[in-house]
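Engineer: Quick one: this structure, given as structure tokens, is what I'll be asking you about.
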Amino acid sequence: MKAATPLHERPKADGDLVSWMAGTQLLARAVSLLLYLRERDEAVTVGDLADALKVPVNTVYRLVRTLEMGGLVDRSQRPFVSLGLRLMDLGMAKQRQVARELAPVALPALEALTSATGETSLLVMPTGARAICILAVESSRAIRLSYQPGRVFPLYAGASGKVMLPWLSAQLMETAIAQGDGQVLASGRRLTAAGLRAEAMTIRDAGYCVTHGDLDSGASAVAAPVFARNGQIFAAVSVAGHETGFTPERLPGLIENVLAAAARTSRGISTARPPAATEDSL
């Protein structure tokens, strides 16, 4: 039986660890490239990508050519590189999956929550060190919010994302905190890593999160976590709306309704979905 090679040592060229680590690094670079293109939201050159990702230009060329073959990047406007049209197909496939698996469970809880509170109800899920809005039931009140289905936003700001922070893995939590360190919220408050860690502890103890003016000026939100059958964080249920609807007098009722909706969604997901895979089970 071949002895395990310590990760801090350079393995032999013919060892399995070389292929595994090299493949993992290549995959990480490809993912970083795609996410960078999404964050920029505009076409960039291979040189721009190499500078941003701190990767040799030749490596970026190879990555781009491979991703182009899969339709994940577009080079039709050379020398510029942009996201490929195949990503639209992948996004639509995920939307169909969400509609099939989550909507029947979560929508009734969100509709009841909006009916009880008069505020917009949301189902938000973690995606890496960020969060994405999956479902929304809008209220009759006209207010512009950052939370729209398919919209990605940070975990360090806004009740819907922040409420999941304490239950993420230590690595994802620290990544999200590092992203938020020094950021200025819509309210003008500047975030610090120490402050975010303290908030995460408070949220974990309380079991819910309340925010005012984090992502949108004049907007408030209340959120509670949704857990999968295995006890891991799965999503968050929240209500969001204009700050005038989140007064000290109304907050206790809003919190109670959100906690009830989150518990209802957790029960529905635990019944409808198979246990989520954990890192230990992979």
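Labels used: A, B, ... for chains in the order of the structure tokens, numbers from 1 for residues in each chain, and numbers from 1 for ligands as shown.
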Considering only C-alpha atoms, return as a ChimeraX atom specification whatever protein or nucleic-acid residues lie within 12 Å of Gly253 in chain A, sequence-local ones (same chain, fewer than 4 positions apart) excluded.
Structural biologist: /A:113,116-118,222,239,245-249,257-260
Engineer: Those same residues - C-alpha atoms - I'd like them written as a short mmCIF file (atom, residue, chain, number, x, y, z; two decimals), in the first residue's frame.
Structural biologist:
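Below is the file part-v2.cif, written as the result:
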data_model
loop_
_atom_site.label_atom_id
_atom_site.label_comp_id
_atom_site.auth_asym_id
_atom_site.auth_seq_id
_atom_site.Cartn_x
_atom_site.Cartn_y
_atom_site.Cartn_z
CA LEU A 113 -46.36 34.99 5.21
CA ALA A 116 -50.17 37.75 7.30
CA THR A 117 -47.63 40.60 7.23
CA GLY A 118 -48.42 42.60 4.10
CA VAL A 222 -36.58 40.09 9.14
CA VAL A 239 -39.94 39.50 4.81
CA GLY A 245 -43.52 48.85 8.23
CA PHE A 246 -40.84 47.53 10.60
CA THR A 247 -41.48 49.66 13.66
CA PRO A 248 -40.70 48.45 17.21
CA GLU A 249 -44.42 47.82 17.67
CA ASN A 257 -44.54 35.06 11.55
CA VAL A 258 -41.14 34.67 9.88
CA LEU A 259 -40.02 32.04 12.41
CA ALA A 260 -43.25 30.10 11.83
#
Engineer: Using DSSP on the backbone coordinates, identify the residues of range 19-253 of chain A assigned to strand (DSSP E or B); present them as a ChimeraX atom specification.
Structural biologist: /A:44-45,73-74,80-83,120-127,130-137,152-154,184,190,209-212,219-227,233-242
Engineer: Using only C-alpha atoms, pick whichever of A:Val73, A:Ala157, A:Leu135, A:Ala206 has the shortest atom-to-atom distance to Val184 in chain A.
Structural biologist: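 Distance minimum relative to Val184 in chain A lands on A:Ala157.
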Engineer: Counting only C-alpha atoms, figure out which residue out of A:Ala221, A:Ala193, A:Leu165, A:Leu85 gets nearest to Leu254 in chain A.
Structural biologist: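 Looking only at the distances to Leu254 in chain A, the closest residue turns out to be A:Ala221.
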Engineer: Here is a test: counting only C-alpha atoms, which residue of A:Met164, A:Ala99, A:Leu185, A:Leu155 is nearest to His212 in chain A?
Structural biologist: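 The answer is A:Leu185, which sits nearest to His212 in chain A.
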Engineer: Contacts of Leu87 in chain A at 10 Å or less, counting only C-alpha atoms, minus same-chain residues fewer than 2 places along, as a ChimeraX atom specification?
Structural biologist: /A:70-73,83-85,89-93
Engineer: Skip Ala170 in chain A itself and residues of its chain fewer than 4 positions away, then list as a CSV table (one decimal) with N, CA and C atoms, in the first residue's frame all residues within 12 Å of it, counting only C-alpha atoms.
Structural biologist:
chain,number,residue,atom,x,y,z
A,129,ALA,N,-19.9,31.6,-1.1
A,129,ALA,CA,-19.9,32.6,0.0
A,129,ALA,C,-20.8,33.8,-0.3
A,165,LEU,N,-25.3,33.1,7.9
A,165,LEU,CA,-23.9,33.2,8.2
A,165,LEU,C,-23.4,32.3,9.3
A,166,PRO,N,-24.1,32.3,10.5
A,166,PRO,CA,-23.6,31.5,11.6
A,166,PRO,C,-23.6,30.0,11.4
A,174,GLU,N,-15.8,32.7,7.1
A,174,GLU,CA,-14.7,33.7,7.1
A,174,GLU,C,-14.5,34.3,5.7
A,175,THR,N,-14.8,33.6,4.7
A,175,THR,CA,-14.7,34.2,3.3
A,175,THR,C,-15.7,35.4,3.2
A,176,ALA,N,-17.0,35.1,3.6
A,176,ALA,CA,-18.0,36.1,3.6
A,176,ALA,C,-17.7,37.3,4.5
A,177,ILE,N,-17.1,37.1,5.6
A,177,ILE,CA,-16.7,38.1,6.6
A,177,ILE,C,-15.6,39.0,5.9
A,197,ARG,N,-18.5,39.1,13.0
A,197,ARG,CA,-18.4,37.9,13.9
A,197,ARG,C,-19.3,38.1,15.1
A,200,ALA,N,-22.9,37.6,13.9
A,200,ALA,CA,-23.2,36.2,13.7
A,200,ALA,C,-23.5,35.4,15.0
Engineer: For range 165-244 of chain A versus range 136-141 of chain A, which residues have an atom no more than 10 Å away, and what is each residue's nearest atom pair and distance in Å rounded to one decimal, using only C-alpha atoms, chain-then-number order, as a tab-separated table?
Structural biologist:
residue	atom	partner	partner_atom	distance
A:Val237	CA	A:Ala136	CA	9.8
A:Ser238	CA	A:Ala136	CA	9.6
A:Val239	CA	A:Val137	CA	9.4
A:Ala240	CA	A:Glu138	CA	9.4
A:Gly241	CA	A:Arg141	CA	8.2
A:His242	CA	A:Arg141	CA	8.7
Engineer: Just to confirm, what's the straight-line distance from CA of Met69 in chain A to CA of Val44 in chain A in Å (one decimal)?
Structural biologist: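 These two atoms are separated by 18.2 Å.
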Engineer: Pick out the closest residue to Thr271 in chain A from this set: A:Gly195, A:Gly158, A:Pro79, A:Pro104. Count only C-alpha atoms.
Structural biologist: A:Pro104
Engineer: Got a sec to tell me which of range 152-277 of chain A DSSP assigns to helix (DSSP H, G or I), as a ChimeraX atom specification?
Structural biologist: /A:159-162,165-167,170-180,193-206,243-245,251-272
